[in-house]
file input_26.pdb (PDB, C-alpha atoms)
ATOM      1  CA  MET A   4      58.761  77.926  99.450
ATOM      2  CA  ARG A   5      60.259  77.707  95.950
ATOM      3  CA  TYR A   6      60.475  81.050  94.125
ATOM      4  CA  THR A   7      58.162  81.234  91.085
ATOM      5  CA  GLY A   8      58.325  84.965  90.342
ATOM      6  CA  SER A   9      60.317  87.014  87.843
ATOM      7  CA  VAL A  10      63.727  85.556  87.029
ATOM      8  CA  ASN A  11      64.859  88.918  85.636
ATOM      9  CA  ARG A  12      64.106  90.697  88.895
ATOM     10  CA  LYS A  13      66.023  88.177  90.979
ATOM     11  CA  SER A  14      68.950  88.195  88.551
ATOM     12  CA  ARG A  15      69.174  91.984  88.851
ATOM     13  CA  ARG A  16      68.980  91.764  92.636
ATOM     14  CA  LEU A  17      71.870  89.298  92.737
ATOM     15  CA  GLY A  18      73.837  90.690  89.771
ATOM     16  CA  PHE A  19      73.941  87.146  88.465
ATOM     17  CA  SER A  20      72.337  85.284  85.549
ATOM     18  CA  ILE A  21      70.050  82.633  87.042
ATOM     19  CA  LEU A  22      69.458  81.270  83.525
ATOM     20  CA  GLU A  23      73.249  81.007  82.994
ATOM     21  CA  ASN A  24      72.983  82.698  79.578
ATOM     22  CA  ASN A  25      72.764  86.411  80.548
ATOM     23  CA  LYS A  26      69.412  86.754  78.738
ATOM     24  CA  GLU A  27      68.146  88.681  81.752
ATOM     25  CA  PHE A  28      70.574  91.487  80.867
ATOM     26  CA  LEU A  29      70.209  91.619  77.077
ATOM     27  CA  LYS A  30      69.221  94.692  75.050
ATOM     28  CA  GLY A  31      65.831  95.957  76.161
ATOM     29  CA  LYS A  32      66.605  94.800  79.702
ATOM     30  CA  LYS A  33      69.631  96.978  80.290
ATOM     31  CA  ARG A  34      69.059  97.664  83.974
ATOM     32  CA  VAL A  35      71.716  95.461  85.471
ATOM     33  CA  TYR A  36      71.505  97.120  88.885
ATOM     34  CA  ALA A  37      69.208  95.872  91.638
ATOM     35  CA  PRO A  38      65.503  96.851  91.494
ATOM     36  CA  GLY A  39      64.061  99.538  93.770
ATOM     37  CA  GLN A  40      64.887 103.175  94.443
ATOM     38  CA  HIS A  41      68.197 102.291  96.100
ATOM     39  CA  GLY A  42      69.157  99.735  93.475
ATOM     40  CA  GLN A  43      72.037 101.767  92.042
ATOM     41  CA  ALA A  44      73.678 102.437  95.390
ATOM     42  CA  ASN A  45      77.016 100.761  95.939
ATOM     43  CA  ARG A  46      76.649  98.780  99.134
ATOM     44  CA  LYS A  47      79.447  96.708 100.649
ATOM     45  CA  LEU A  48      78.145  93.431 102.015
ATOM     46  CA  SER A  49      79.129  92.075 105.405
ATOM     47  CA  GLY A  50      80.435  88.528 105.711
ATOM     48  CA  TYR A  51      76.927  87.417 106.652
ATOM     49  CA  GLY A  52      75.536  89.268 103.630
ATOM     50  CA  GLU A  53      78.007  87.591 101.270
ATOM     51  CA  GLN A  54      77.101  84.152 102.600
ATOM     52  CA  LEU A  55      73.384  84.884 102.246
ATOM     53  CA  THR A  56      73.833  86.195  98.698
ATOM     54  CA  GLU A  57      75.765  83.111  97.564
ATOM     55  CA  LYS A  58      73.186  80.834  99.179
ATOM     56  CA  GLN A  59      70.434  82.662  97.282
ATOM     57  CA  LYS A  60      72.374  82.397  94.015
ATOM     58  CA  ILE A  61      72.579  78.623  94.349
ATOM     59  CA  ALA A  62      68.963  78.279  95.486
ATOM     60  CA  TYR A  63      67.586  80.301  92.549
ATOM     61  CA  LEU A  64      70.023  78.786  90.046
ATOM     62  CA  TYR A  65      69.028  75.202  90.836
ATOM     63  CA  GLY A  66      65.420  75.996  91.767
ATOM     64  CA  VAL A  67      65.554  74.541  95.285
ATOM     65  CA  THR A  68      64.060  75.718  98.553
ATOM     66  CA  ASP A  69      66.116  76.513 101.639
ATOM     67  CA  ARG A  70      64.883  73.315 103.260
ATOM     68  CA  GLN A  71      65.978  71.247 100.251
ATOM     69  CA  LEU A  72      69.360  72.967 100.136
ATOM     70  CA  ARG A  73      69.941  72.254 103.808
ATOM     71  CA  ARG A  74      69.069  68.573 103.254
ATOM     72  CA  LEU A  75      71.417  68.379 100.257
ATOM     73  CA  PHE A  76      74.196  69.939 102.326
ATOM     74  CA  THR A  77      73.695  67.157 104.896
ATOM     75  CA  VAL A  78      74.102  64.608 102.087
ATOM     76  CA  ALA A  79      77.235  66.413 100.822
ATOM     77  CA  LYS A  80      78.825  66.368 104.306
ATOM     78  CA  LYS A  81      78.632  62.561 104.358
ATOM     79  CA  MET A  82      80.576  62.258 101.097
ATOM     80  CA  LYS A  83      84.356  62.050 100.880
ATOM     81  CA  GLY A  84      86.256  65.154  99.803
ATOM     82  CA  SER A  85      85.426  68.855  99.823
ATOM     83  CA  ASN A  86      82.005  69.775 101.231
ATOM     84  CA  ALA A  87      81.820  72.727  98.837
ATOM     85  CA  LEU A  88      82.412  70.657  95.691
ATOM     86  CA  ASN A  89      80.244  67.824  97.006
ATOM     87  CA  LEU A  90      77.322  70.222  97.441
ATOM     88  CA  LEU A  91      77.548  71.235  93.776
ATOM     89  CA  ILE A  92      77.888  67.577  92.735
ATOM     90  CA  VAL A  93      74.703  66.663  94.607
ATOM     91  CA  LEU A  94      72.844  69.613  93.054
ATOM     92  CA  GLU A  95      74.061  68.684  89.574
ATOM     93  CA  SER A  96      72.998  65.067  90.154
ATOM     94  CA  ARG A  97      69.340  65.991  90.629
ATOM     95  CA  LEU A  98      67.141  64.573  87.881
ATOM     96  CA  ASP A  99      65.646  67.925  86.858
ATOM     97  CA  ASN A 100      69.125  69.444  86.520
ATOM     98  CA  LEU A 101      70.382  66.558  84.364
ATOM     99  CA  VAL A 102      67.342  66.821  82.068
ATOM    100  CA  TYR A 103      68.286  70.498  81.633
ATOM    101  CA  ARG A 104      72.005  69.754  81.187
ATOM    102  CA  MET A 105      71.201  67.232  78.460
ATOM    103  CA  GLY A 106      69.298  69.888  76.533
ATOM    104  CA  PHE A 107      65.867  68.272  76.823
ATOM    105  CA  ALA A 108      64.430  71.467  78.354
ATOM    106  CA  PRO A 109      65.431  75.139  77.929
ATOM    107  CA  THR A 110      65.433  75.909  81.676
ATOM    108  CA  ARG A 111      65.586  73.992  84.936
ATOM    109  CA  ARG A 112      62.057  75.146  85.719
ATOM    110  CA  SER A 113      60.716  73.540  82.537
ATOM    111  CA  ALA A 114      62.864  70.442  83.157
ATOM    112  CA  ARG A 115      61.216  70.109  86.558
ATOM    113  CA  GLN A 116      57.830  70.226  84.816
ATOM    114  CA  LEU A 117      58.799  67.470  82.385
ATOM    115  CA  VAL A 118      59.851  65.209  85.232
ATOM    116  CA  SER A 119      56.789  65.980  87.386
ATOM    117  CA  HIS A 120      54.421  65.224  84.505
ATOM    118  CA  GLY A 121      55.944  61.792  83.950
ATOM    119  CA  HIS A 122      57.761  62.350  80.645
ATOM    120  CA  ILE A 123      61.151  61.053  81.849
ATOM    121  CA  LEU A 124      62.553  57.535  82.198
ATOM    122  CA  VAL A 125      65.681  56.672  84.182
ATOM    123  CA  ASN A 126      67.207  53.320  83.235
ATOM    124  CA  GLY A 127      63.874  52.438  81.637
ATOM    125  CA  LYS A 128      61.713  53.289  84.664
ATOM    126  CA  LYS A 129      59.463  56.335  84.985
ATOM    127  CA  ILE A 130      60.538  58.737  87.719
ATOM    128  CA  ASP A 131      58.383  61.783  88.396
ATOM    129  CA  ILE A 132      60.248  63.282  91.359
ATOM    130  CA  PRO A 133      62.529  66.105  90.133
ATOM    131  CA  SER A 134      64.724  66.037  93.245
ATOM    132  CA  THR A 135      65.755  62.388  92.746
ATOM    133  CA  ILE A 136      69.547  62.039  92.968
ATOM    134  CA  ILE A 137      70.853  60.167  89.917
ATOM    135  CA  GLN A 138      73.977  58.022  90.015
ATOM    136  CA  PRO A 139      76.661  58.166  87.290
ATOM    137  CA  LYS A 140      76.259  55.679  84.404
ATOM    138  CA  SER A 141      72.467  56.123  84.556
ATOM    139  CA  VAL A 142      70.581  56.632  81.278
ATOM    140  CA  ILE A 143      67.878  59.298  81.091
ATOM    141  CA  THR A 144      65.335  59.048  78.270
ATOM    142  CA  ILE A 145      62.346  61.058  77.074
ATOM    143  CA  LYS A 146      59.290  58.790  76.863
ATOM    144  CA  GLU A 147      58.535  57.947  73.249
ATOM    145  CA  LYS A 148      55.005  59.395  73.410
ATOM    146  CA  SER A 149      56.412  62.689  74.745
ATOM    147  CA  ARG A 150      59.135  63.322  72.152
ATOM    148  CA  LYS A 151      57.048  65.505  69.861
ATOM    149  CA  MET A 152      56.104  67.976  72.581
ATOM    150  CA  PRO A 153      56.945  71.572  71.506
ATOM    151  CA  LEU A 154      59.043  72.044  74.634
ATOM    152  CA  ILE A 155      61.268  69.097  73.714
ATOM    153  CA  ALA A 156      61.179  68.886  69.905
ATOM    154  CA  ARG A 157      62.885  72.187  69.208
ATOM    155  CA  GLU A 158      65.535  72.904  66.595
ATOM    156  CA  GLU A 159      68.287  74.288  68.812
ATOM    157  CA  LYS A 160      69.716  72.233  71.629
ATOM    158  CA  ILE A 161      71.451  73.664  74.664
ATOM    159  CA  GLY A 162      75.191  72.958  74.599
ATOM    160  CA  THR A 163      75.918  69.985  76.816
ATOM    161  CA  LEU A 164      78.871  69.468  79.133
ATOM    162  CA  ALA A 165      81.491  66.716  79.211
ATOM    163  CA  PHE A 166      79.960  64.843  82.135
ATOM    164  CA  VAL A 167      76.839  63.980  80.110
ATOM    165  CA  LYS A 168      76.503  62.299  76.712
ATOM    166  CA  VAL A 169      73.387  62.876  74.607
ATOM    167  CA  ASP A 170      71.895  60.987  71.668
ATOM    168  CA  ASN A 171      69.363  63.343  70.074
ATOM    169  CA  ALA A 172      68.130  60.615  67.712
ATOM    170  CA  THR A 173      66.864  58.472  70.589
ATOM    171  CA  MET A 174      66.213  61.408  72.931
ATOM    172  CA  SER A 175      68.369  59.813  75.594
ATOM    173  CA  GLY A 176      71.436  60.787  77.540
ATOM    174  CA  GLU A 177      73.899  59.203  79.936
ATOM    175  CA  TYR A 178      75.206  60.755  83.137
ATOM    176  CA  LEU A 179      78.828  59.729  82.601
ATOM    177  CA  ARG A 180      80.500  60.942  85.789
ATOM    178  CA  TYR A 181      80.380  63.560  88.519
ATOM    179  CA  PRO A 182      81.171  67.068  87.225
ATOM    180  CA  GLU A 183      84.472  68.804  87.963
ATOM    181  CA  ARG A 184      84.509  72.320  89.398
ATOM    182  CA  PRO A 185      85.836  74.105  86.243
ATOM    183  CA  GLU A 186      82.851  72.717  84.294
ATOM    184  CA  LEU A 187      80.333  74.490  86.538
ATOM    185  CA  ASN A 188      79.250  78.098  87.028
ATOM    186  CA  GLN A 189      82.253  80.253  87.950
ATOM    187  CA  GLU A 190      80.151  83.122  89.337
ATOM    188  CA  ILE A 191      79.141  81.352  92.531
ATOM    189  CA  ASN A 192      81.271  80.911  95.623
ATOM    190  CA  GLU A 193      80.045  77.696  97.195
ATOM    191  CA  THR A 194      82.458  77.983 100.128
ATOM    192  CA  TYR A 195      80.292  80.813 101.519
ATOM    193  CA  VAL A 196      77.290  78.475 101.367
ATOM    194  CA  VAL A 197      79.211  75.809 103.269
ATOM    195  CA  GLU A 198      80.119  78.394 105.924
ATOM    196  CA  TRP A 199      76.424  79.363 106.157
ATOM    197  CA  TYR A 200      75.191  75.808 106.681
ATOM    198  CA  ASN A 201      78.061  74.733 108.929
ATOM    199  CA  ARG A 202      76.476  76.936 111.590
ATOM    200  CA  LEU A 203      73.097  75.254 111.154
ATOM    201  CA  VAL A 204      73.832  71.613 110.308
ATOM    202  CA  LYS A 205      75.756  69.551 112.845
TER     203      LYS A 205
END

call {"tool": "encode", "arguments": {"input": "input_26.pdb", "output": "C-alpha cells"}}
result
Amino acid sequence: MRYTGSVNRKSRRLGFSILENNKEFLKGKKRVYAPGQHGQANRKLSGYGEQLTEKQKIAYLYGVTDRQLRRLFTVAKKMKGSNALNLLIVLESRLDNLVYRMGFAPTRRSARQLVSHGHILVNGKKIDIPSTIIQPKSVITIKEKSRKMPLIAREEKIGTLAFVKVDNATMSGEYLRYPERPELNQEINETYVVEWYNRLVK
C-alpha cells in the first residue's frame, strides 16, 4: 500500500528529505533524529538494514509501492546498461514524476493527483494513469481548462533540470532525454536497492 501519512515523520526516520528541499528539517521542525523514545540512539545498520533503508528512501521519494518498485526493477533489468541507473531512469520517466520535475506541481503527491484527475495531456492525448512510463521527446501539457487551478497557477516555479524543457506561457514541457546520474538525488544509494531486488526478481 502507498504511504499517505506524515512526510516529516518518515523523513526523520530515514534521515533524508523525501521532498528533496529539506523543508522537513527547517526551523520549528528541528528534530532531525528518528521519532520514538530510541530515536536519538546511534544504531549501526546491518547490510540487510542498509538495503531496506535505501529501498524505503526510493519508495517514499517517488511515491511508489513495493509491488510497483519490484515491477519497475524488472523493466530496468531488461534495459541495456547499469541496472542501478536504469531503475532511476524508469522512476524518473513516470508521468507523475515528470509533471513534478517540470514544476507543474509542488510535490510528487500533488502531481499524481493532477494526472489522476485528468488535467494532463501527453502528446495531445489525455492520460490519467500516474505510473505511465513516458518516452523522451514526448510533450506534456496542462489542459487549457485546468491552467488556472491554484495548485498550478502559482507565482514560484520549482527549478527544472536539464533533461526537461518547460514553456510556462503554454504550460507545456518536453522530456528531452533520459537523466544522467549526477542530475539526480545524491543521497540515495540505488545499488543497495538493486542488491535487494536481485534476490527476489529472477

call {"tool": "resolve_selection", "arguments": {"input": "input_26.pdb", "expression": "the PyMOL selection byres ((chain A and resi 150) around 12)", "output": "list in words"}}
result
Phe107, Ala108, Leu117, His122, Ile123, Thr144, Ile145, Lys146, Glu147, Lys148, Ser149, Lys151, Met152, Pro153, Leu154, Ile155, Ala156, Arg157, Asn171, Ala172, Thr173, Met174 and Ser175 of chain A

call {"tool": "atom_distance", "arguments": {"input": "input_26.pdb", "atom1": "atom CA of A:Arg12", "atom2": "atom CA of A:Ile61"}}
result
15.7 Å

call {"tool": "residues_near_point", "arguments": {"input": "input_26.pdb", "point": "(76.5, 57.2, 82.7)", "cutoff": "10 Å", "atoms": "only C-alpha atoms", "output": "short mmCIF file (atom, residue, chain, number, x, y, z; two decimals) with C-alpha atoms, in the frame of the given file"}}
result
data_model
loop_
_atom_site.label_atom_id
_atom_site.label_comp_id
_atom_site.auth_asym_id
_atom_site.auth_seq_id
_atom_site.Cartn_x
_atom_site.Cartn_y
_atom_site.Cartn_z
CA ILE A 137 70.85 60.17 89.92
CA GLN A 138 73.98 58.02 90.02
CA PRO A 139 76.66 58.17 87.29
CA LYS A 140 76.26 55.68 84.40
CA SER A 141 72.47 56.12 84.56
CA VAL A 142 70.58 56.63 81.28
CA ILE A 143 67.88 59.30 81.09
CA PHE A 166 79.96 64.84 82.14
CA VAL A 167 76.84 63.98 80.11
CA LYS A 168 76.50 62.30 76.71
CA GLY A 176 71.44 60.79 77.54
CA GLU A 177 73.90 59.20 79.94
CA TYR A 178 75.21 60.76 83.14
CA LEU A 179 78.83 59.73 82.60
CA ARG A 180 80.50 60.94 85.79
CA TYR A 181 80.38 63.56 88.52
#

call {"tool": "atom_distance", "arguments": {"input": "input_26.pdb", "atom1": "atom CA of A:Glu183", "atom2": "atom CA of A:Thr135"}}
result
20.4 Å

call {"tool": "closest_residue", "arguments": {"input": "input_26.pdb", "among": "A:Asn24, A:Ser134, A:Ser49, A:Ser96", "to": "A:Pro182", "atoms": "only C-alpha atoms"}}
result
A:Ser96

call {"tool": "closest_residue", "arguments": {"input": "input_26.pdb", "among": "A:Val102, A:Val10, A:Ala79, A:Leu203", "to": "A:Glu27", "atoms": "only C-alpha atoms"}}
result
A:Val10

call {"tool": "closest_residue", "arguments": {"input": "input_26.pdb", "among": "A:Tyr195, A:Lys83, A:Asn25, A:Gly66", "to": "A:Pro133", "atoms": "all atoms listed in the file"}}
result
A:Gly66

call {"tool": "atom_distance", "arguments": {"input": "input_26.pdb", "atom1": "atom CA of A:Gly50", "atom2": "atom CA of A:Val196"}}
result
11.4 Å

call {"tool": "closest_atom_pairs", "arguments": {"input": "input_26.pdb", "of": "stretch 55-102 of chain A", "to": "stretch 19-22 of chain A", "cutoff": "8 Å", "atoms": "all atoms listed in the file", "output": "tab-separated table"}}
result
residue	atom	partner	partner_atom	distance
A:Lys60	CA	A:Ile21	CA	7.4
A:Tyr63	CA	A:Ile21	CA	6.5
A:Leu64	CA	A:Ile21	CA	4.9

call {"tool": "closest_residue", "arguments": {"input": "input_26.pdb", "among": "A:Arg115, A:Arg73, A:Lys13, A:Arg104", "to": "A:Glu186", "atoms": "all atoms listed in the file"}}
result
A:Arg104

call {"tool": "closest_residue", "arguments": {"input": "input_26.pdb", "among": "A:Leu101, A:Val204, A:Leu164, A:Ala62", "to": "A:Val78", "atoms": "all atoms listed in the file"}}
result
A:Val204

call {"tool": "closest_residue", "arguments": {"input": "input_26.pdb", "among": "A:Met105, A:Leu91, A:Ala114, A:Leu98", "to": "A:Gln189", "atoms": "all atoms listed in the file"}}
result
A:Leu91

call {"tool": "decode", "arguments": {"input": "input_26.pdb", "residues": "stretch 173-186 of chain A", "atoms": "all heavy atoms", "output": "PDB file, in the first residue's frame"}}
result
ATOM      1  N   THR A 173       2.816  28.421 -22.258  1.00  0.00           N
ATOM      2  CA  THR A 173       1.846  27.458 -22.797  1.00  0.00           C
ATOM      3  C   THR A 173       1.565  26.315 -21.824  1.00  0.00           C
ATOM      4  O   THR A 173       0.806  25.396 -22.153  1.00  0.00           O
ATOM      5  CB  THR A 173       2.364  26.863 -24.119  1.00  0.00           C
ATOM      6  OG1 THR A 173       3.606  26.178 -23.867  1.00  0.00           O
ATOM      7  CG2 THR A 173       2.582  27.947 -25.156  1.00  0.00           C
ATOM      8  N   MET A 174       2.194  26.382 -20.648  1.00  0.00           N
ATOM      9  CA  MET A 174       2.037  25.334 -19.637  1.00  0.00           C
ATOM     10  C   MET A 174       2.322  23.960 -20.236  1.00  0.00           C
ATOM     11  O   MET A 174       1.551  23.013 -20.089  1.00  0.00           O
ATOM     12  CB  MET A 174       0.631  25.349 -19.044  1.00  0.00           C
ATOM     13  CG  MET A 174       0.372  26.524 -18.132  1.00  0.00           C
ATOM     14  SD  MET A 174       1.386  26.430 -16.634  1.00  0.00           S
ATOM     15  CE  MET A 174       0.250  27.039 -15.422  1.00  0.00           C
ATOM     16  N   SER A 175       3.445  23.879 -20.929  1.00  0.00           N
ATOM     17  CA  SER A 175       3.842  22.608 -21.532  1.00  0.00           C
ATOM     18  C   SER A 175       5.327  22.382 -21.305  1.00  0.00           C
ATOM     19  O   SER A 175       6.087  23.324 -21.051  1.00  0.00           O
ATOM     20  CB  SER A 175       3.531  22.586 -23.032  1.00  0.00           C
ATOM     21  OG  SER A 175       4.322  23.540 -23.714  1.00  0.00           O
ATOM     22  N   GLY A 176       5.727  21.143 -21.384  1.00  0.00           N
ATOM     23  CA  GLY A 176       7.133  20.814 -21.221  1.00  0.00           C
ATOM     24  C   GLY A 176       7.492  19.602 -22.054  1.00  0.00           C
ATOM     25  O   GLY A 176       6.629  18.773 -22.364  1.00  0.00           O
ATOM     26  N   GLU A 177       8.761  19.501 -22.410  1.00  0.00           N
ATOM     27  CA  GLU A 177       9.226  18.362 -23.200  1.00  0.00           C
ATOM     28  C   GLU A 177      10.232  17.555 -22.394  1.00  0.00           C
ATOM     29  O   GLU A 177      11.127  18.108 -21.740  1.00  0.00           O
ATOM     30  CB  GLU A 177       9.875  18.835 -24.501  1.00  0.00           C
ATOM     31  CG  GLU A 177      10.301  17.684 -25.396  1.00  0.00           C
ATOM     32  CD  GLU A 177      10.955  18.147 -26.685  1.00  0.00           C
ATOM     33  OE1 GLU A 177      10.979  19.374 -26.932  1.00  0.00           O
ATOM     34  OE2 GLU A 177      11.456  17.289 -27.444  1.00  0.00           O
ATOM     35  N   TYR A 178      10.053  16.248 -22.417  1.00  0.00           N
ATOM     36  CA  TYR A 178      11.008  15.320 -21.806  1.00  0.00           C
ATOM     37  C   TYR A 178      12.110  15.097 -22.832  1.00  0.00           C
ATOM     38  O   TYR A 178      11.962  14.321 -23.762  1.00  0.00           O
ATOM     39  CB  TYR A 178      10.293  14.030 -21.448  1.00  0.00           C
ATOM     40  CG  TYR A 178      11.125  12.987 -20.726  1.00  0.00           C
ATOM     41  CD1 TYR A 178      12.237  13.335 -19.975  1.00  0.00           C
ATOM     42  CD2 TYR A 178      10.771  11.640 -20.784  1.00  0.00           C
ATOM     43  CE1 TYR A 178      12.990  12.375 -19.307  1.00  0.00           C
ATOM     44  CE2 TYR A 178      11.502  10.673 -20.119  1.00  0.00           C
ATOM     45  CZ  TYR A 178      12.610  11.043 -19.382  1.00  0.00           C
ATOM     46  OH  TYR A 178      13.349  10.089 -18.714  1.00  0.00           O
ATOM     47  N   LEU A 179      13.213  15.812 -22.694  1.00  0.00           N
ATOM     48  CA  LEU A 179      14.239  15.859 -23.736  1.00  0.00           C
ATOM     49  C   LEU A 179      15.022  14.556 -23.872  1.00  0.00           C
ATOM     50  O   LEU A 179      15.287  14.098 -24.980  1.00  0.00           O
ATOM     51  CB  LEU A 179      15.215  17.009 -23.449  1.00  0.00           C
ATOM     52  CG  LEU A 179      14.606  18.418 -23.424  1.00  0.00           C
ATOM     53  CD1 LEU A 179      15.652  19.425 -22.963  1.00  0.00           C
ATOM     54  CD2 LEU A 179      14.061  18.787 -24.796  1.00  0.00           C
ATOM     55  N   ARG A 180      15.415  13.984 -22.742  1.00  0.00           N
ATOM     56  CA  ARG A 180      16.290  12.814 -22.761  1.00  0.00           C
ATOM     57  C   ARG A 180      16.239  12.137 -21.399  1.00  0.00           C
ATOM     58  O   ARG A 180      15.688  12.678 -20.441  1.00  0.00           O
ATOM     59  CB  ARG A 180      17.735  13.243 -23.045  1.00  0.00           C
ATOM     60  CG  ARG A 180      18.260  14.266 -22.059  1.00  0.00           C
ATOM     61  CD  ARG A 180      19.733  14.543 -22.195  1.00  0.00           C
ATOM     62  NE  ARG A 180      20.185  15.632 -21.340  1.00  0.00           N
ATOM     63  CZ  ARG A 180      20.410  15.542 -20.028  1.00  0.00           C
ATOM     64  NH1 ARG A 180      20.228  14.387 -19.397  1.00  0.00           N
ATOM     65  NH2 ARG A 180      20.825  16.600 -19.341  1.00  0.00           N
ATOM     66  N   TYR A 181      16.822  10.954 -21.310  1.00  0.00           N
ATOM     67  CA  TYR A 181      16.933  10.292 -20.015  1.00  0.00           C
ATOM     68  C   TYR A 181      17.886  11.097 -19.118  1.00  0.00           C
ATOM     69  O   TYR A 181      18.872  11.666 -19.593  1.00  0.00           O
ATOM     70  CB  TYR A 181      17.479   8.881 -20.170  1.00  0.00           C
ATOM     71  CG  TYR A 181      16.526   7.892 -20.799  1.00  0.00           C
ATOM     72  CD1 TYR A 181      16.975   6.973 -21.745  1.00  0.00           C
ATOM     73  CD2 TYR A 181      15.186   7.868 -20.437  1.00  0.00           C
ATOM     74  CE1 TYR A 181      16.112   6.053 -22.319  1.00  0.00           C
ATOM     75  CE2 TYR A 181      14.309   6.957 -21.011  1.00  0.00           C
ATOM     76  CZ  TYR A 181      14.772   6.065 -21.950  1.00  0.00           C
ATOM     77  OH  TYR A 181      13.908   5.162 -22.513  1.00  0.00           O
ATOM     78  N   PRO A 182      17.613  11.136 -17.819  1.00  0.00           N
ATOM     79  CA  PRO A 182      18.511  11.870 -16.912  1.00  0.00           C
ATOM     80  C   PRO A 182      19.843  11.155 -16.728  1.00  0.00           C
ATOM     81  O   PRO A 182      19.944   9.935 -16.921  1.00  0.00           O
ATOM     82  CB  PRO A 182      17.722  11.905 -15.603  1.00  0.00           C
ATOM     83  CG  PRO A 182      16.832  10.717 -15.663  1.00  0.00           C
ATOM     84  CD  PRO A 182      16.468  10.553 -17.117  1.00  0.00           C
ATOM     85  N   GLU A 183      20.863  11.911 -16.360  1.00  0.00           N
ATOM     86  CA  GLU A 183      22.165  11.344 -16.006  1.00  0.00           C
ATOM     87  C   GLU A 183      22.271  11.300 -14.481  1.00  0.00           C
ATOM     88  O   GLU A 183      21.632  12.082 -13.784  1.00  0.00           O
ATOM     89  CB  GLU A 183      23.275  12.201 -16.607  1.00  0.00           C
ATOM     90  CG  GLU A 183      23.227  12.234 -18.134  1.00  0.00           C
ATOM     91  CD  GLU A 183      24.199  13.237 -18.732  1.00  0.00           C
ATOM     92  OE1 GLU A 183      24.957  13.879 -17.948  1.00  0.00           O
ATOM     93  OE2 GLU A 183      24.205  13.398 -19.963  1.00  0.00           O
ATOM     94  N   ARG A 184      23.084  10.401 -13.979  1.00  0.00           N
ATOM     95  CA  ARG A 184      23.128  10.186 -12.520  1.00  0.00           C
ATOM     96  C   ARG A 184      23.455  11.446 -11.724  1.00  0.00           C
ATOM     97  O   ARG A 184      22.825  11.692 -10.689  1.00  0.00           O
ATOM     98  CB  ARG A 184      24.132   9.067 -12.175  1.00  0.00           C
ATOM     99  CG  ARG A 184      24.133   8.699 -10.676  1.00  0.00           C
ATOM    100  CD  ARG A 184      22.775   8.207 -10.262  1.00  0.00           C
ATOM    101  NE  ARG A 184      22.631   7.956  -8.831  1.00  0.00           N
ATOM    102  CZ  ARG A 184      22.181   8.834  -7.947  1.00  0.00           C
ATOM    103  NH1 ARG A 184      21.876  10.071  -8.335  1.00  0.00           N
ATOM    104  NH2 ARG A 184      22.042   8.509  -6.687  1.00  0.00           N
ATOM    105  N   PRO A 185      24.417  12.298 -12.143  1.00  0.00           N
ATOM    106  CA  PRO A 185      24.722  13.499 -11.344  1.00  0.00           C
ATOM    107  C   PRO A 185      23.547  14.479 -11.229  1.00  0.00           C
ATOM    108  O   PRO A 185      23.548  15.335 -10.344  1.00  0.00           O
ATOM    109  CB  PRO A 185      25.897  14.140 -12.102  1.00  0.00           C
ATOM    110  CG  PRO A 185      26.523  13.020 -12.851  1.00  0.00           C
ATOM    111  CD  PRO A 185      25.378  12.135 -13.249  1.00  0.00           C
ATOM    112  N   GLU A 186      22.551  14.359 -12.096  1.00  0.00           N
ATOM    113  CA  GLU A 186      21.408  15.266 -12.075  1.00  0.00           C
ATOM    114  C   GLU A 186      20.364  14.850 -11.045  1.00  0.00           C
ATOM    115  O   GLU A 186      19.448  15.615 -10.746  1.00  0.00           O
ATOM    116  CB  GLU A 186      20.745  15.315 -13.460  1.00  0.00           C
ATOM    117  CG  GLU A 186      21.644  15.896 -14.538  1.00  0.00           C
ATOM    118  CD  GLU A 186      21.036  15.769 -15.919  1.00  0.00           C
ATOM    119  OE1 GLU A 186      20.547  14.674 -16.271  1.00  0.00           O
ATOM    120  OE2 GLU A 186      21.055  16.776 -16.657  1.00  0.00           O
TER     121      GLU A 186
END
